[in-house]
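See below for the structure under consideration.
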Amino acid sequence: MQSIDRVQLESCARQIADAGRELGALGWTPATSSNFSMRLDAGHAAVTISGRDKGRLDIDDIMVVDLEGRAVGTDARPSAETALHTQLYRRFPGAGAVLHTHSRTQTVASRLFAGRGVIRLEGWELQKAIAGTTTHESVLDVPVFPNAQDMSVLVRAVDAWLDAGKPLHGYLIDGHGIYTWGRDMPETRRHLEAFEFLLGCELDLLRLRGESGLQRPF
Ligand SMILES: CSCCC(=O)C(=O)COP(=O)(O)O
Ligand SMILES: [Zn+2]
């Protein structure tokens with residue numbers, strides 16, 4: 001088995017802790033929710049330990065797992081949602097970081113659009129913050145998958161979307177939060193901020209269009 005590069009692990013742990021502090025300050029990680037990870041090598045990732053306050057992470061709050069989600073070199077329990085992180089590293093070889101948060105905007109949007117199963121973003125300049133998007137004249141579909149306590153159910157939903165050949169840069173889980181990823185932590189942060197902003201705009205449009213808009217069945 002490949003040995004873990006300790007210097008790289010510490011660097012990733014610091015980046016994860018820094019991201020957690022900043023996202024926590026924004027109020028996107030309430031009540032110990034959220035989880036974060038970074039790829040270490042082709043077979044391992046650094047991920048947050050389950051149940052820790054993600055806004056107050058120390059580097060000791062981050063552990064190593066293999067890409068099947070098994071703990072490596074520790075008895076600590078990785079995030080309850082580790083399977084969603086490792087799935088993304090397996091499916092996207094270029095993914096270097098994954099962020100999952102529970103902001104109010106993400107959570108409300110997930111509930112409002114759950115019946116439709118997808119939030120279609122189009123015409124927004126900020127779509128260009130998503131890697132590979134060069135114009136506002138593009139369509140960015142953000143699926144909303146039903147929540148489940150059994151991670152294998154969620155993994156199957158994400159696999160089905162990807163196996164259908166549909167582009168995916170982030171997804172919502174109904175009543176829960178968002179997952180997004182990127183080649184490294186800065187790109188992943190940019191994606192997360194873009195989704196937060198765009199979901200907020202969609203919610204604002206619904207509010208401004210009035211109560212009937214909010215109640216319209218999707
Ligand atoms: C108290 S939040 C419920 C679990 C959750 O959704 C989450 O993001 C945090 O779980 P973890 O095991 O990663 O701490
Ligand atoms: Zn969560």
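Ordering of the structure tokens sets the chain letters (A, B, ...); residue numbers start at 1 within each chain; ligands are numbered from 1 in the order shown.
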
In segment 5-201 of chain A, DSSP helix (DSSP H, G or I) residues written as a PyMOL selection string
chain A and resi 6-25+30-32+59-61+82-91+104-112+125-129+151-163+185-201

Check every protein, DNA and RNA residue against ligand 2, keep those with an atom at most 10 Å away (counting only C-alpha atoms and all ligand atoms), and present them as a PDB file with N, CA and C atoms, in the first residue's frame.
```
ATOM      1  N   THR A  29     -22.088  26.152   8.226  1.00  0.00           N
ATOM      2  CA  THR A  29     -21.800  24.842   8.858  1.00  0.00           C
ATOM      3  C   THR A  29     -22.463  24.742  10.230  1.00  0.00           C
ATOM      4  N   THR A  32     -22.401  21.568  13.941  1.00  0.00           N
ATOM      5  CA  THR A  32     -21.444  20.488  13.576  1.00  0.00           C
ATOM      6  C   THR A  32     -21.704  19.889  12.201  1.00  0.00           C
ATOM      7  N   SER A  33     -22.677  20.438  11.462  1.00  0.00           N
ATOM      8  CA  SER A  33     -22.943  19.897  10.123  1.00  0.00           C
ATOM      9  C   SER A  33     -21.776  20.195   9.196  1.00  0.00           C
ATOM     10  N   SER A  34     -21.854  19.592   8.015  1.00  0.00           N
ATOM     11  CA  SER A  34     -20.895  19.793   6.915  1.00  0.00           C
ATOM     12  C   SER A  34     -19.713  18.841   7.056  1.00  0.00           C
ATOM     13  N   ASN A  35     -19.039  18.610   5.958  1.00  0.00           N
ATOM     14  CA  ASN A  35     -17.797  17.823   5.969  1.00  0.00           C
ATOM     15  C   ASN A  35     -16.968  18.184   4.750  1.00  0.00           C
ATOM     16  N   SER A  79     -16.172  11.155   8.675  1.00  0.00           N
ATOM     17  CA  SER A  79     -17.498  11.714   8.415  1.00  0.00           C
ATOM     18  C   SER A  79     -18.503  10.635   8.040  1.00  0.00           C
ATOM     19  N   ALA A  80     -19.719  10.772   8.556  1.00  0.00           N
ATOM     20  CA  ALA A  80     -20.792   9.828   8.222  1.00  0.00           C
ATOM     21  C   ALA A  80     -21.067   9.831   6.722  1.00  0.00           C
ATOM     22  N   GLU A  81     -20.629  10.893   6.034  1.00  0.00           N
ATOM     23  CA  GLU A  81     -20.919  11.023   4.593  1.00  0.00           C
ATOM     24  C   GLU A  81     -19.672  10.788   3.739  1.00  0.00           C
ATOM     25  N   HIS A 100     -18.829  20.052   1.474  1.00  0.00           N
ATOM     26  CA  HIS A 100     -20.263  19.835   1.713  1.00  0.00           C
ATOM     27  C   HIS A 100     -20.677  20.776   2.828  1.00  0.00           C
ATOM     28  N   THR A 101     -21.663  21.630   2.566  1.00  0.00           N
ATOM     29  CA  THR A 101     -22.138  22.572   3.591  1.00  0.00           C
ATOM     30  C   THR A 101     -23.661  22.541   3.675  1.00  0.00           C
ATOM     31  N   HIS A 102     -24.166  23.190   4.737  1.00  0.00           N
ATOM     32  CA  HIS A 102     -25.593  23.192   5.066  1.00  0.00           C
ATOM     33  C   HIS A 102     -26.081  24.633   5.228  1.00  0.00           C
ATOM     34  N   ASN A 147     -33.005  12.889   0.289  1.00  0.00           N
ATOM     35  CA  ASN A 147     -32.085  12.598   1.392  1.00  0.00           C
ATOM     36  C   ASN A 147     -32.203  11.118   1.797  1.00  0.00           C
ATOM     37  N   ILE A 173     -28.900  17.825  -1.724  1.00  0.00           N
ATOM     38  CA  ILE A 173     -29.648  16.726  -1.125  1.00  0.00           C
ATOM     39  C   ILE A 173     -30.829  17.374  -0.401  1.00  0.00           C
ATOM     40  N   GLY A 175     -33.465  18.903   1.776  1.00  0.00           N
ATOM     41  CA  GLY A 175     -33.545  19.214   3.205  1.00  0.00           C
ATOM     42  C   GLY A 175     -32.214  19.096   3.913  1.00  0.00           C
ATOM     43  N   HIS A 176     -31.132  19.070   3.174  1.00  0.00           N
ATOM     44  CA  HIS A 176     -29.838  18.711   3.759  1.00  0.00           C
ATOM     45  C   HIS A 176     -28.765  19.747   3.399  1.00  0.00           C
ATOM     46  N   GLY A 177     -28.282  19.768   2.181  1.00  0.00           N
ATOM     47  CA  GLY A 177     -27.217  20.716   1.834  1.00  0.00           C
ATOM     48  C   GLY A 177     -26.661  20.436   0.461  1.00  0.00           C
ATOM     49  N   ILE A 178     -25.462  20.933   0.225  1.00  0.00           N
ATOM     50  CA  ILE A 178     -24.870  20.847  -1.113  1.00  0.00           C
ATOM     51  C   ILE A 178     -23.535  20.104  -1.069  1.00  0.00           C
ATOM     52  N   TYR A 179     -23.207  19.457  -2.155  1.00  0.00           N
ATOM     53  CA  TYR A 179     -21.860  18.925  -2.397  1.00  0.00           C
ATOM     54  C   TYR A 179     -21.312  19.561  -3.649  1.00  0.00           C
TER      55      TYR A 179
END
```

Taking only C-alpha atoms and all ligand atoms into account, which of A:Ile59, A:Leu9, A:Ala114, A:Ala76 comes nearest ligand 1?
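Of A:Ile59, A:Leu9, A:Ala114, A:Ala76, the one nearest ligand 1 is A:Ala76, counting only C-alpha atoms and all ligand atoms.
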
Mind checking DSSP for segment 10-67 of chain A and telling me the strand (DSSP E) residues as a count of residues only?
17

Quick one: residues within 12 Å of Tyr171 of chain A, only C-alpha atoms counted, chain neighbours fewer than 5 positions away excluded, as an NGL selection string?
:A and (84 or 88 or 98-101 or 106-107 or 109-110 or 113-114 or 117-120 or 140-147 or 154-155 or 157-158 or 161-162 or 176-181 or 191-192 or 195-196 or 199)

Nearest residue to ligand 1 out of A:Thr48, A:Ser103, A:Thr86, A:Ser11, using only C-alpha atoms and all ligand atoms?
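Looking only at the distances to ligand 1, the closest residue turns out to be A:Thr48.
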
Find, counting only C-alpha atoms and all ligand atoms, the residue in A:Val108, A:Ile130, A:Val139, A:Leu57 that gets nearest to ligand 1.
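Closest to ligand 1, using only C-alpha atoms and all ligand atoms: A:Leu57.
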
Write out as a VMD selection string each polymer residue whose atoms come within 10 Å of Asp60 of chain A, counting only C-alpha atoms; drop sequence neighbours fewer than 3 positions from it.
chain A and resid 10 13 to 14 17 48 to 49 57 63

Return the single residue from A:Asp41, A:Asp150, A:Asp53, A:Asp5 that is closest to Ala83 of chain A, with distances computed using only C-alpha atoms.
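Smallest separation from Ala83 of chain A among the options: A:Asp150.
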
Within 7 Å of Val64 of chain A, counting only C-alpha atoms, which residues show up once you throw out same-chain ones fewer than 2 positions away? Write them as a list of chain:residue names, please.
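Residues meeting the cut-off are A:His44, A:Ala45, A:Ala46, A:Val47, A:Asp66, A:Ala71, A:Val72.
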
Pull C-alpha atoms from the residues just selected and write them as a PDB file, in the first residue's frame.
```pdb
ATOM      1  CA  HIS A  44      -6.405   8.156  -0.291  1.00  0.00           C
ATOM      2  CA  ALA A  45      -8.131  11.288   0.934  1.00  0.00           C
ATOM      3  CA  ALA A  46      -7.979  13.456   4.052  1.00  0.00           C
ATOM      4  CA  VAL A  47     -11.469  13.918   5.520  1.00  0.00           C
ATOM      5  CA  ASP A  66      -8.856   5.031   1.433  1.00  0.00           C
ATOM      6  CA  ALA A  71      -9.982   4.626   8.040  1.00  0.00           C
ATOM      7  CA  VAL A  72      -6.207   4.453   7.559  1.00  0.00           C
TER       8      VAL A  72
END
```
